[in-house]
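K.L.:
This one is data_11.cif, mmCIF, C-alpha atoms.
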```cif
data_target
#
loop_
_atom_site.label_atom_id
_atom_site.label_comp_id
_atom_site.auth_asym_id
_atom_site.auth_seq_id
_atom_site.Cartn_x
_atom_site.Cartn_y
_atom_site.Cartn_z
CA MET J 1 29.61 113.18 91.30
CA LYS J 2 33.26 114.16 91.67
CA LYS J 3 33.84 111.25 94.03
CA THR J 4 32.26 108.80 91.57
CA ALA J 5 34.44 110.09 88.72
CA SER J 6 37.57 109.78 90.85
CA ILE J 7 36.69 106.20 91.74
CA LEU J 8 36.12 105.33 88.08
CA ILE J 9 39.48 106.81 87.12
CA LEU J 10 41.23 104.82 89.84
CA LEU J 11 39.46 101.61 88.80
CA LEU J 12 40.57 102.17 85.22
CA LEU J 13 44.16 102.62 86.37
CA ILE J 14 44.04 99.40 88.37
CA SER J 15 42.15 97.34 85.78
CA SER J 16 44.54 98.38 83.00
CA GLU J 17 47.30 96.62 84.92
CA ILE J 18 45.35 93.46 85.73
CA TYR J 19 45.63 92.22 82.17
CA SER J 20 49.20 93.36 81.61
CA GLN J 21 52.15 91.01 81.26
CA THR J 22 55.62 91.42 82.72
CA SER J 23 58.37 90.17 80.44
CA ILE J 24 61.68 88.94 81.84
CA LYS J 25 64.57 88.83 79.39
CA THR J 26 67.43 86.45 80.17
CA MET J 27 70.90 86.02 78.72
CA PHE J 28 73.74 83.57 79.41
CA TYR J 29 77.22 84.32 78.05
CA ASN J 30 80.61 82.60 78.23
CA LEU J 31 82.87 85.66 78.40
CA LEU J 32 86.16 83.91 77.50
CA TYR J 33 88.68 84.50 80.29
CA TYR J 34 87.29 87.78 81.53
CA PRO J 35 88.97 90.17 82.11
CA SER J 36 92.45 88.87 81.19
CA GLY J 37 91.59 87.48 77.75
CA ASP J 38 92.50 89.39 74.62
CA PRO J 39 91.64 91.86 73.42
CA GLN J 40 91.95 93.87 76.61
CA ASN J 41 89.36 96.39 77.78
CA ARG J 42 86.35 94.48 76.48
CA GLU J 43 83.95 96.12 78.94
CA GLU J 44 82.80 98.63 76.31
CA THR J 45 82.24 95.87 73.77
CA LEU J 46 80.15 93.95 76.30
CA LYS J 47 78.20 97.13 77.07
CA ASP J 48 77.28 97.50 73.41
CA ILE J 49 76.04 93.89 73.27
CA LEU J 50 73.98 94.22 76.45
CA ASP J 51 72.52 97.56 75.38
CA ILE J 52 71.00 95.87 72.35
CA TYR J 53 69.29 92.97 74.15
CA GLN J 54 68.89 94.55 77.63
CA PRO J 55 68.52 91.38 79.72
CA ASP J 56 66.87 91.53 83.13
CA ILE J 57 68.84 88.47 84.26
CA PHE J 58 72.39 88.19 82.91
CA THR J 59 74.45 85.11 83.81
CA VAL J 60 78.04 84.44 82.82
CA CYS J 61 80.88 81.97 83.06
CA GLU J 62 84.67 82.22 82.59
CA LEU J 63 84.74 85.16 84.98
CA GLU J 64 88.19 85.22 86.57
CA THR J 65 88.17 87.83 89.33
CA GLU J 66 85.97 89.92 91.58
CA GLU J 67 87.49 93.00 89.97
CA GLY J 68 86.23 91.70 86.65
CA ALA J 69 82.78 91.13 88.15
CA ASP J 70 82.70 94.75 89.37
CA GLU J 71 83.94 96.06 86.02
CA ILE J 72 81.06 94.37 84.21
CA LEU J 73 78.54 95.74 86.69
CA THR J 74 79.76 99.33 86.78
CA GLN J 75 81.05 99.82 83.23
CA SER J 76 79.11 97.36 81.04
CA ILE J 77 75.69 97.48 82.75
CA GLN J 78 75.09 100.34 85.17
CA THR J 79 76.17 103.09 82.78
CA SER J 80 72.97 102.33 80.84
CA ARG J 81 70.85 100.58 83.50
CA PRO J 82 71.80 101.81 86.97
CA ASN J 83 69.26 99.62 88.81
CA PHE J 84 71.34 96.45 88.55
CA ALA J 85 73.24 94.42 91.12
CA ARG J 86 75.27 91.23 91.23
CA ALA J 87 75.61 88.25 93.52
CA THR J 88 78.56 87.69 95.85
CA PHE J 89 81.67 86.63 93.95
CA VAL J 90 82.77 83.11 94.93
CA SER J 91 86.08 81.71 93.69
CA ASN J 92 85.87 78.18 92.34
CA GLN J 93 85.73 75.73 95.26
CA SER J 94 85.64 72.52 93.23
CA ASP J 95 89.24 72.79 92.04
CA THR J 96 91.35 75.50 93.63
CA SER J 97 94.32 75.19 91.26
CA ALA J 98 95.26 78.32 89.34
CA ASP J 99 94.27 76.69 86.04
CA ASN J 100 90.66 76.33 87.13
CA GLN J 101 89.77 79.72 88.56
CA LEU J 102 86.89 80.28 86.16
CA ASN J 103 83.73 81.37 87.91
CA GLN J 104 80.03 82.04 87.39
CA MET J 105 77.96 85.11 88.22
CA VAL J 106 74.44 86.53 87.98
CA TYR J 107 73.57 90.18 87.39
CA TYR J 108 69.94 91.15 87.89
CA ASN J 109 67.53 94.04 87.53
CA THR J 110 66.79 95.24 91.07
CA ASP J 111 63.54 96.84 89.92
CA MET J 112 62.35 93.32 89.17
CA PHE J 113 64.16 90.97 91.55
CA THR J 114 65.57 90.47 95.00
CA LEU J 115 68.43 87.99 95.33
CA GLU J 116 67.20 85.94 98.29
CA SER J 117 70.13 83.53 98.50
CA GLN J 118 72.99 81.86 96.66
CA GLN J 119 74.61 78.47 97.08
CA THR J 120 77.73 76.79 95.76
CA HIS J 121 77.56 73.13 94.72
CA ILE J 122 80.87 71.32 94.43
CA THR J 123 81.64 69.10 91.41
CA TYR J 124 84.72 67.43 89.97
CA ILE J 125 86.12 70.56 88.34
CA ARG J 126 83.92 73.69 88.54
CA ASP J 127 81.20 74.85 90.90
CA ILE J 128 77.52 74.89 90.03
CA MET J 129 76.16 78.19 91.32
CA GLN J 130 72.55 78.46 92.48
CA TYR J 131 70.85 81.84 92.79
CA THR J 132 67.32 82.25 94.20
CA LEU J 133 65.63 85.28 92.66
CA LEU J 134 62.35 86.61 94.06
CA LEU J 135 60.15 88.64 91.72
CA LYS J 136 59.17 92.03 93.12
CA SER J 137 55.47 91.97 92.34
CA GLU J 138 52.24 93.28 93.77
CA ASP J 139 51.33 89.66 94.59
CA GLN J 140 54.62 88.97 96.36
CA ALA J 141 52.99 88.62 99.77
CA THR J 142 50.27 86.20 98.66
CA ASN J 143 51.68 84.46 95.57
CA PRO J 144 55.49 84.86 95.49
CA ILE J 145 57.37 83.89 92.33
CA ARG J 146 60.88 82.58 92.80
CA ILE J 147 63.29 81.39 90.12
CA GLU J 148 65.98 78.90 91.12
CA TYR J 149 68.69 79.97 88.68
CA PHE J 150 71.64 77.61 88.20
CA VAL J 151 74.78 78.59 86.25
CA VAL J 152 77.47 76.12 85.23
CA HIS J 153 80.52 75.47 83.07
CA PHE J 154 80.87 71.75 82.31
CA LYS J 155 84.15 70.02 81.44
CA SER J 156 85.26 70.67 77.88
CA SER J 157 86.49 68.42 75.06
CA ASP J 158 85.23 65.19 73.54
CA GLY J 159 86.23 61.70 74.67
CA THR J 160 85.00 59.08 77.12
CA ALA J 161 86.72 60.51 80.21
CA ASN J 162 85.38 64.04 79.65
CA LYS J 163 81.87 62.74 79.00
CA ALA J 164 82.04 60.88 82.31
CA ILE J 165 83.03 64.10 84.12
CA ARG J 166 80.15 65.97 82.51
CA LEU J 167 77.79 63.22 83.64
CA ASP J 168 79.09 63.50 87.20
CA MET J 169 78.42 67.25 87.11
CA ALA J 170 74.91 66.66 85.77
CA ASN J 171 74.30 64.20 88.62
CA VAL J 172 75.21 66.92 91.13
CA PHE J 173 72.59 69.18 89.60
CA THR J 174 69.83 66.57 89.51
CA GLY J 175 70.69 65.68 93.10
CA VAL J 176 70.11 69.30 94.14
CA LEU J 177 66.70 69.19 92.46
CA GLU J 178 65.63 66.60 95.03
CA ASN J 179 65.95 69.20 97.78
CA LEU J 180 63.83 71.86 96.06
CA ASP J 181 60.11 72.40 96.18
CA PRO J 182 58.83 70.06 93.43
CA ASN J 183 56.88 73.01 91.99
CA ALA J 184 59.92 75.30 91.85
CA PHE J 185 60.64 77.24 88.67
CA VAL J 186 64.16 76.27 87.57
CA VAL J 187 66.52 77.60 84.89
CA PHE J 188 69.84 75.80 84.27
CA SER J 189 72.14 77.89 82.06
CA GLY J 190 75.74 77.46 81.07
CA ASP J 191 78.44 76.26 78.75
CA PHE J 192 77.76 72.51 78.83
CA ASN J 193 80.22 71.39 76.12
CA LEU J 194 77.70 68.82 74.89
CA TYR J 195 78.32 67.45 71.41
CA THR J 196 75.14 65.38 70.95
CA SER J 197 71.77 64.88 72.60
CA SER J 198 72.72 61.22 73.15
CA GLU J 199 75.48 62.20 75.58
CA PRO J 200 74.79 60.82 79.09
CA ALA J 201 74.98 64.26 80.76
CA TYR J 202 72.28 65.65 78.47
CA GLN J 203 70.11 62.61 79.07
CA GLU J 204 70.59 62.91 82.84
CA ILE J 205 69.52 66.56 82.89
CA LEU J 206 66.35 65.73 80.96
CA ASP J 207 65.58 62.42 82.67
CA PRO J 208 61.77 62.44 83.16
CA THR J 209 62.17 60.66 86.52
CA ASN J 210 64.12 63.55 88.06
CA ALA J 211 62.56 65.27 91.08
CA ILE J 212 61.90 68.30 88.84
CA VAL J 213 61.55 67.54 85.14
CA MET J 214 63.75 69.72 82.93
CA ILE J 215 63.36 70.36 79.21
CA ASP J 216 65.40 71.80 76.36
CA PRO J 217 63.19 74.55 74.91
CA ILE J 218 64.39 74.05 71.33
CA ASN J 219 65.04 70.33 71.10
CA ASP J 220 62.66 67.39 71.19
CA ASN J 221 64.62 64.88 73.26
CA SER J 222 62.71 62.00 71.69
CA SER J 223 64.80 62.41 68.53
CA LEU J 224 68.56 62.21 69.07
CA GLN J 225 70.60 64.93 67.45
CA SER J 226 74.27 65.60 66.83
CA TRP J 227 74.74 69.35 66.91
CA SER J 228 78.47 69.15 66.21
CA ASN J 229 78.87 67.58 62.80
CA ASP J 230 80.13 68.07 59.27
CA THR J 231 76.85 69.37 57.90
CA PRO J 232 75.04 72.64 58.59
CA THR J 233 71.84 70.89 59.77
CA TYR J 234 71.88 72.55 63.18
CA THR J 235 73.48 75.86 62.25
CA ALA J 236 70.60 77.83 63.82
CA MET J 237 71.51 76.33 67.23
CA HIS J 238 75.28 76.86 67.09
CA THR J 239 76.95 79.04 69.73
CA GLN J 240 80.65 78.21 69.22
CA ALA J 241 83.11 79.01 67.65
CA THR J 242 82.61 82.58 66.55
CA ARG J 243 85.99 82.67 64.81
CA VAL J 244 87.66 80.71 62.03
CA ASN J 245 91.16 81.57 63.20
CA GLN J 246 92.44 81.82 66.76
CA GLN J 247 92.67 85.34 68.12
CA ASN J 248 95.83 86.11 70.11
CA GLY J 249 96.01 82.54 71.42
CA ASN J 250 92.56 82.74 73.05
CA GLY J 251 89.53 80.57 72.55
CA ALA J 252 88.30 77.91 70.17
CA PHE J 253 88.47 78.42 66.43
CA SER J 254 86.88 76.58 63.50
CA GLY J 255 83.96 78.80 62.64
CA LEU J 256 80.45 78.38 63.98
CA ASP J 257 79.78 74.64 64.26
CA ASP J 258 78.98 73.63 67.89
CA ARG J 259 76.05 73.98 70.26
CA PHE J 260 77.74 74.16 73.65
CA ASP J 261 75.64 76.83 75.39
CA PHE J 262 72.19 76.02 76.75
CA SER J 263 69.39 77.27 78.97
CA PHE J 264 67.35 74.33 80.22
CA ILE J 265 64.05 75.10 81.95
CA SER J 266 61.76 73.21 84.29
CA GLU J 267 58.78 71.70 82.52
CA ASN J 268 56.36 73.74 84.61
CA LEU J 269 57.58 76.87 82.80
CA THR J 270 55.62 75.57 79.81
CA THR J 271 52.44 74.82 81.78
CA SER J 272 52.18 77.41 84.58
CA SER J 273 50.07 80.54 84.27
CA ASP J 274 52.11 82.31 87.00
CA LEU J 275 55.44 82.25 85.13
CA PHE J 276 56.12 80.77 81.72
CA TYR J 277 58.60 80.54 78.87
CA VAL J 278 57.61 82.60 75.83
CA ASP J 279 57.63 80.20 72.92
CA GLY J 280 60.00 81.15 70.12
CA THR J 281 62.17 83.54 72.16
CA TYR J 282 65.07 81.12 72.77
CA ASP J 283 67.94 81.99 70.45
CA ALA J 284 71.67 81.97 69.87
CA PHE J 285 72.04 85.75 70.03
CA GLY J 286 73.76 87.07 66.91
CA ASN J 287 73.37 83.85 64.90
CA ASN J 288 71.63 84.67 61.62
CA LYS J 289 71.39 80.92 60.96
CA ASN J 290 73.58 81.06 57.87
CA CYS J 291 77.10 81.21 59.28
CA TYR J 292 78.18 77.57 59.40
CA ASN J 293 81.97 77.24 59.68
CA LEU J 294 82.40 81.00 59.25
CA ASP J 295 83.32 83.97 61.44
CA ILE J 296 80.17 85.26 63.13
CA ASN J 297 80.84 88.66 61.54
CA ASN J 298 81.40 87.32 58.03
CA SER J 299 79.75 89.75 55.61
CA SER J 300 77.79 86.92 54.01
CA CYS J 301 76.00 86.09 57.30
CA THR J 302 73.33 88.72 56.87
CA GLY J 303 69.98 88.70 58.63
CA ALA J 304 68.13 90.11 61.64
CA TYR J 305 71.33 90.57 63.65
CA SER J 306 73.33 93.57 62.45
CA GLN J 307 76.90 93.68 61.23
CA SER J 308 77.95 95.95 64.11
CA LEU J 309 76.52 93.55 66.71
CA ARG J 310 78.25 90.60 65.08
CA ASP J 311 81.51 92.54 65.00
CA ASP J 312 81.18 93.05 68.77
CA LEU J 313 80.39 89.36 69.33
CA PHE J 314 83.47 88.39 67.29
CA ILE J 315 85.66 90.62 69.48
CA MET J 316 84.09 89.67 72.80
CA SER J 317 84.23 85.86 72.94
CA ASP J 318 84.47 82.58 71.07
CA HIS J 319 80.89 81.88 72.22
CA LEU J 320 77.55 83.47 71.44
CA PRO J 321 75.09 84.38 74.19
CA VAL J 322 71.93 82.32 74.65
CA VAL J 323 68.76 84.35 75.25
CA MET J 324 65.12 83.66 76.05
CA GLU J 325 62.14 85.39 77.63
CA LEU J 326 59.89 84.47 80.52
CA GLN J 327 56.58 86.13 81.26
CA THR J 328 54.21 86.57 84.20
CA PRO J 329 50.78 88.19 84.52
CA GLN J 330 51.88 89.73 87.83
CA ASN J 331 52.59 93.45 87.93
CA LEU J 332 55.92 94.68 89.17
CA LEU J 333 56.10 96.64 92.38
CA SER J 334 58.64 99.37 91.82
CA VAL J 335 60.69 100.47 94.81
CA ASP J 336 60.69 104.08 93.65
CA GLU J 337 57.39 104.82 91.95
CA PHE J 338 57.05 108.58 91.56
CA SER J 339 54.09 110.85 91.13
CA SER J 340 54.26 113.64 88.58
CA GLU J 341 57.26 115.95 88.81
CA ASN J 342 58.86 113.69 91.44
CA ASN J 343 56.72 115.28 94.16
CA LEU J 344 55.82 112.12 96.07
CA ARG J 345 57.61 108.83 96.65
CA ILE J 346 57.86 105.97 99.09
CA LEU J 347 61.08 105.80 101.09
CA GLY J 348 62.37 102.24 101.16
CA SER J 349 60.42 99.15 100.17
CA ASN J 350 56.82 99.18 98.94
CA LEU J 351 56.16 96.07 101.05
CA ILE J 352 54.66 97.59 104.20
CA ASP J 353 54.00 96.03 107.60
CA GLN J 354 53.21 98.92 109.96
CA ASN J 355 54.02 102.36 108.51
CA VAL J 356 54.40 103.93 105.07
CA SER J 357 57.26 106.42 104.97
CA LEU J 358 56.83 109.07 102.27
CA TYR J 359 58.94 111.86 100.84
CA ILE J 360 56.94 114.88 99.72
CA SER J 361 58.27 117.93 97.94
CA PRO J 362 57.38 121.49 99.03
CA ALA J 363 54.80 121.53 96.21
CA LEU J 364 52.67 119.19 98.35
CA PHE J 365 53.03 120.99 101.66
CA ASN J 366 49.72 121.75 103.42
CA SER J 367 47.68 119.46 101.19
CA ASP J 368 45.83 116.15 101.48
CA LEU J 369 47.22 112.68 100.75
CA GLN J 370 44.58 110.03 100.07
CA ILE J 371 44.85 106.27 100.27
CA TYR J 372 42.48 104.12 98.19
CA ASN J 373 41.93 100.38 98.12
CA GLN J 374 41.63 98.26 94.96
CA LEU J 375 37.89 99.00 94.76
CA GLY J 376 38.61 102.71 94.52
CA GLN J 377 37.29 103.36 98.01
CA LEU J 378 38.92 106.16 100.02
CA ILE J 379 40.42 104.50 103.11
CA LYS J 380 42.39 107.28 104.74
CA THR J 381 43.23 110.96 104.34
CA VAL J 382 46.41 112.50 105.77
CA LYS J 383 47.06 116.23 105.94
CA THR J 384 50.64 117.27 105.20
CA SER J 385 52.49 120.08 106.94
CA THR J 386 55.76 121.74 105.94
CA THR J 387 58.11 118.79 106.42
CA ASN J 388 59.52 116.60 103.65
CA GLN J 389 58.86 113.28 105.38
CA VAL J 390 55.44 111.86 106.30
CA LEU J 391 54.85 108.67 108.27
CA ILE J 392 51.43 107.04 107.82
CA ASP J 393 50.23 104.30 110.15
CA VAL J 394 48.59 101.49 108.12
CA SER J 395 48.90 98.77 110.76
CA ASN J 396 45.14 98.21 110.78
CA PHE J 397 44.90 97.82 106.99
CA SER J 398 44.16 94.35 105.61
CA SER J 399 46.71 92.63 103.34
CA SER J 400 46.18 94.08 99.87
CA VAL J 401 47.42 96.63 97.32
CA TYR J 402 46.74 100.31 98.03
CA VAL J 403 47.17 103.51 96.03
CA ILE J 404 48.35 106.87 97.40
CA SER J 405 47.61 110.08 95.55
CA SER J 406 47.74 113.78 96.31
CA SER J 407 44.84 116.19 96.18
CA LYS J 408 47.08 118.41 94.04
CA ASN J 409 47.79 115.82 91.30
CA LYS J 410 45.17 113.15 91.85
CA PHE J 411 45.62 109.90 89.89
CA ILE J 412 48.59 111.16 87.87
CA ASN J 413 51.02 108.22 88.25
CA PRO J 414 49.73 107.27 91.71
CA ILE J 415 52.15 105.34 93.89
CA LYS J 416 51.33 101.90 95.23
CA PHE J 417 52.21 99.81 98.24
CA VAL J 418 51.39 96.32 99.46
CA LYS J 419 50.25 95.74 103.03
CA ILE J 420 51.83 92.37 103.83
CA ASN J 421 50.58 91.53 107.35
#
```
Write the structure described by the file as structure tokens, please.
P.N.:
Amino acid sequence: MKKTASILILLLLISSEIYSQTSIKTMFYNLLYYPSGDPQNREETLKDILDIYQPDIFTVCELETEEGADEILTQSIQTSRPNFARATFVSNQSDTSADNQLNQMVYYNTDMFTLESQQTHITYIRDIMQYTLLLKSEDQATNPIRIEYFVVHFKSSDGTANKAIRLDMANVFTGVLENLDPNAFVVFSGDFNLYTSSEPAYQEILDPTNAIVMIDPINDNSSLQSWSNDTPTYTAMHTQATRVNQQNGNGAFSGLDDRFDFSFISENLTTSSDLFYVDGTYDAFGNNKNCYNLDINNSSCTGAYSQSLRDDLFIMSDHLPVVMELQTPQNLLSVDEFSSENNLRILGSNLIDQNVSLYISPALFNSDLQIYNQLGQLIKTVKTSTTNQVLIDVSNFSSSVYVISSSKNKFINPIKFVKIN
């Protein structure tokens, strides 16, 4: 009877996760000459902005130095969310002149993702950075989810010559798509400096004949739109300029009247059941949709976004962040999943080939550790001694998810591992 009850409890724990959803929050932000731009010491302002939205993937442009990249990681992110990392900093290879050392970067939640690789794609003026993020999930061994995340900063300013440069940069991106798995999940975020949806670069990105079809989550490309105009028609989409007057010689000024910042997504993110865009989550973060040609923190621009947030956005940059959410039915596989009172944990990765290495506290000395499969069947029992580290041979286990619990705190936050071979 006790065994049956234990199995039922374990099955309930497992089944409660089968129908769960994992949300992935993303944010792109043009940081405006970071860290040299005025005002100085903006890392605390950025921290306040990030603490409100708490993205799991944070991409940026106009990052000047590796020191600035580290400052964002350690002072703007990790003080609140220590389980974050960044990619390798790469100085702009496309144009090595001092005037064009503006770079891209990705910061990511290490509880959710592994950065498998990064690549630099050369264009006329600024690199397109590609980051391959692998979701840390219980299905990673059998159904891995990767996101090919591209971050860019297209040539600025209107005019025929600048439009041609933006088109060339778009062609580099669509050329890279030809070398990807046609079923790849792709996000293309950045400051694109696009004035209208009729611009050739925009049309190239969304060309339905591309190797991977991309879409704009908030714009129907069948109807041409001019986001930068003399009427507030598209004010809900605007991401620049957050200021009416120039601040200390930095950034654009005119009030909010341009849509320059985008996150394009591959079309399969609207059709796949493995990973998908959450409809309605794309937004110009901080835009209350009533701030046309005004400072973003104008007192009349009231709405869902608070005055204090809009004050921070005004200080931080002449751009607003762009945010959206993705979702997957897969459950995350935490690297450090603890039992009650931190008595039991896996050392290293939860993806196991031969042996599971466990830390146990003295509270679990001279007790039994039990391993169950997904059906709640007891597969193995290991007796502990008086040492803090236990090595369990699982080389003969089949590829699947397993649960480890202790006889002293059975099924209270059991820890999980995936046998991958």
K.L.:
Using all atoms listed in the file, tabulate the residues of region 14-59 of chain J lying at most 10 Å from any atom of region 136-155 of chain J, each with its closest atom pair and that distance in Å to one decimal, by chain and increasing residue number, as CSV.
P.N.:
```
residue,atom,partner,partner_atom,distance
J:Thr22,CA,J:Ser137,CA,9.6
J:Phe28,CA,J:Val151,CA,8.5
J:Asn30,CA,J:His153,CA,8.6
J:Ile57,CA,J:Tyr149,CA,9.6
J:Thr59,CA,J:Val151,CA,7.0
```
K.L.:
Convert the output of the PyMOL selection byres ((chain J and resi 319) around 7) on the shown file into explicit residues, formatted as an MDAnalysis selection string.
P.N.:
chainID J and resid 30 239:242 317:318 320:321
K.L.:
Exactly which residues make up the result of the PyMOL selection byres ((chain J and resi 35) around 8) on this file, given as an MDAnalysis selection string?
P.N.:
chainID J and resid 33:34 36:37 40:42 63:65 68
K.L.:
Can you write out the residues you just picked, keeping C-alpha atoms, as a PDB file, in the coordinates of the input?
P.N.:
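Heads up, here's the output in result_7.pdb:
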```
ATOM      1  CA  TYR J  33      88.680  84.500  80.290  1.00  0.00           C
ATOM      2  CA  TYR J  34      87.290  87.780  81.530  1.00  0.00           C
ATOM      3  CA  SER J  36      92.450  88.870  81.190  1.00  0.00           C
ATOM      4  CA  GLY J  37      91.590  87.480  77.750  1.00  0.00           C
ATOM      5  CA  GLN J  40      91.950  93.870  76.610  1.00  0.00           C
ATOM      6  CA  ASN J  41      89.360  96.390  77.780  1.00  0.00           C
ATOM      7  CA  ARG J  42      86.350  94.480  76.480  1.00  0.00           C
ATOM      8  CA  LEU J  63      84.740  85.160  84.980  1.00  0.00           C
ATOM      9  CA  GLU J  64      88.190  85.220  86.570  1.00  0.00           C
ATOM     10  CA  THR J  65      88.170  87.830  89.330  1.00  0.00           C
ATOM     11  CA  GLY J  68      86.230  91.700  86.650  1.00  0.00           C
TER      12      GLY J  68
END
```
K.L.:
Which residue out of J:Leu224, J:Ile371, J:Met316, J:Leu102 has the minimum interatomic distance to Asn250 (chain J) when all atoms listed in the file are used?
P.N.:
J:Met316
K.L.:
Can you pull out the residues contacting region 81-89 of chain J? Cut-off 12 Å, using all atoms listed in the file, and skip same-chain residues under 3 positions away; I want them as a ChimeraX atom specification.
P.N.:
/J:47,50-51,54-61,63-78,92-93,101-120,129-133,149,334-336
K.L.:
Applying the PyMOL selection byres ((chain J and resi 363) around 10) to the file I just gave you, which residues come out? Please list them as an mmCIF file with C-alpha atoms, keeping the file's coordinate frame.
P.N.:
```
data_model
loop_
_atom_site.group_PDB
_atom_site.id
_atom_site.type_symbol
_atom_site.label_atom_id
_atom_site.label_comp_id
_atom_site.auth_asym_id
_atom_site.auth_seq_id
_atom_site.Cartn_x
_atom_site.Cartn_y
_atom_site.Cartn_z
ATOM 1 C CA GLU J 341 57.260 115.950 88.810
ATOM 2 C CA ASN J 343 56.720 115.280 94.160
ATOM 3 C CA LEU J 344 55.820 112.120 96.070
ATOM 4 C CA ILE J 360 56.940 114.880 99.720
ATOM 5 C CA SER J 361 58.270 117.930 97.940
ATOM 6 C CA PRO J 362 57.380 121.490 99.030
ATOM 7 C CA LEU J 364 52.670 119.190 98.350
ATOM 8 C CA PHE J 365 53.030 120.990 101.660
ATOM 9 C CA ASN J 366 49.720 121.750 103.420
ATOM 10 C CA SER J 367 47.680 119.460 101.190
ATOM 11 C CA THR J 386 55.760 121.740 105.940
ATOM 12 C CA LYS J 408 47.080 118.410 94.040
#
```
K.L.:
Calculate how many Å separate CA of Ile125 (chain J) from CA of Ala164 (chain J), rounding to one decimal.
P.N.:
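Atom-to-atom, CA of Ile125 (chain J) to CA of Ala164 (chain J), that is 12.1 Å.
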K.L.:
At what distance in Å, to one decimal, does CA of Ala201 (chain J) lie from CA of Ile215 (chain J)?
P.N.:
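Between CA of Ile215 (chain J) and CA of Ala201 (chain J) the gap works out to 13.2 Å.
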K.L.:
Rank J:Asn355, J:Ser189, J:Gln21, J:Thr235 by their smallest atom-to-atom distance to Val323 (chain J), using all atoms listed in the file, and report the top residue only.
P.N.:
J:Ser189
K.L.:
Report the distance between CA of Ser94 (chain J) and CA of Ile165 (chain J) in Å, rounded to one decimal place.
P.N.:
12.7 Å
K.L.:
Restricting the calculation to all atoms listed in the file, which member of J:Leu309, J:Ile420, J:Asp258, J:Asn290 is positioned closest to Asp353 (chain J)?
P.N.:
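Among J:Leu309, J:Ile420, J:Asp258, J:Asn290, it is J:Ile420 that comes nearest to Asp353 (chain J).
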K.L.:
Set the distance at 12 Å and use all atoms listed in the file: which residues neighbour Asp295 (chain J) once local chain neighbours fewer than 6 positions away are removed? I'd like the list as a VMD selection string.
P.N.:
chain J and resid 239 to 247 252 to 257 286 to 288 301 to 302 307 310 to 315 317 to 320
K.L.:
Any chance you can output those residues with C-alpha atoms as an mmCIF file, keeping the file's coordinate frame?
P.N.:
```cif
data_model
loop_
_atom_site.group_PDB
_atom_site.id
_atom_site.type_symbol
_atom_site.label_atom_id
_atom_site.label_comp_id
_atom_site.auth_asym_id
_atom_site.auth_seq_id
_atom_site.Cartn_x
_atom_site.Cartn_y
_atom_site.Cartn_z
ATOM 1 C CA THR J 239 76.950 79.040 69.730
ATOM 2 C CA GLN J 240 80.650 78.210 69.220
ATOM 3 C CA ALA J 241 83.110 79.010 67.650
ATOM 4 C CA THR J 242 82.610 82.580 66.550
ATOM 5 C CA ARG J 243 85.990 82.670 64.810
ATOM 6 C CA VAL J 244 87.660 80.710 62.030
ATOM 7 C CA ASN J 245 91.160 81.570 63.200
ATOM 8 C CA GLN J 246 92.440 81.820 66.760
ATOM 9 C CA GLN J 247 92.670 85.340 68.120
ATOM 10 C CA ALA J 252 88.300 77.910 70.170
ATOM 11 C CA PHE J 253 88.470 78.420 66.430
ATOM 12 C CA SER J 254 86.880 76.580 63.500
ATOM 13 C CA GLY J 255 83.960 78.800 62.640
ATOM 14 C CA LEU J 256 80.450 78.380 63.980
ATOM 15 C CA ASP J 257 79.780 74.640 64.260
ATOM 16 C CA GLY J 286 73.760 87.070 66.910
ATOM 17 C CA ASN J 287 73.370 83.850 64.900
ATOM 18 C CA ASN J 288 71.630 84.670 61.620
ATOM 19 C CA CYS J 301 76.000 86.090 57.300
ATOM 20 C CA THR J 302 73.330 88.720 56.870
ATOM 21 C CA GLN J 307 76.900 93.680 61.230
ATOM 22 C CA ARG J 310 78.250 90.600 65.080
ATOM 23 C CA ASP J 311 81.510 92.540 65.000
ATOM 24 C CA ASP J 312 81.180 93.050 68.770
ATOM 25 C CA LEU J 313 80.390 89.360 69.330
ATOM 26 C CA PHE J 314 83.470 88.390 67.290
ATOM 27 C CA ILE J 315 85.660 90.620 69.480
ATOM 28 C CA SER J 317 84.230 85.860 72.940
ATOM 29 C CA ASP J 318 84.470 82.580 71.070
ATOM 30 C CA HIS J 319 80.890 81.880 72.220
ATOM 31 C CA LEU J 320 77.550 83.470 71.440
#
```
K.L.:
Where atoms are absent from region 362-367 of chain J, fill them in so it carries N, CA and C atoms, then output it as a CSV table (one decimal), keeping the file's coordinate frame.
P.N.:
```
chain,number,residue,atom,x,y,z
J,362,PRO,N,58.1,120.3,98.5
J,362,PRO,CA,57.4,121.5,99.0
J,362,PRO,C,56.1,121.8,98.3
J,363,ALA,N,56.0,121.3,97.0
J,363,ALA,CA,54.8,121.5,96.2
J,363,ALA,C,53.6,120.9,96.8
J,364,LEU,N,53.8,119.9,97.7
J,364,LEU,CA,52.7,119.2,98.4
J,364,LEU,C,52.5,119.5,99.8
J,365,PHE,N,53.2,120.5,100.3
J,365,PHE,CA,53.0,121.0,101.7
J,365,PHE,C,51.6,121.5,101.8
J,366,ASN,N,51.1,121.3,103.1
J,366,ASN,CA,49.7,121.8,103.4
J,366,ASN,C,48.6,121.3,102.4
J,367,SER,N,48.7,120.0,102.1
J,367,SER,CA,47.7,119.5,101.2
J,367,SER,C,47.2,118.1,101.8
```
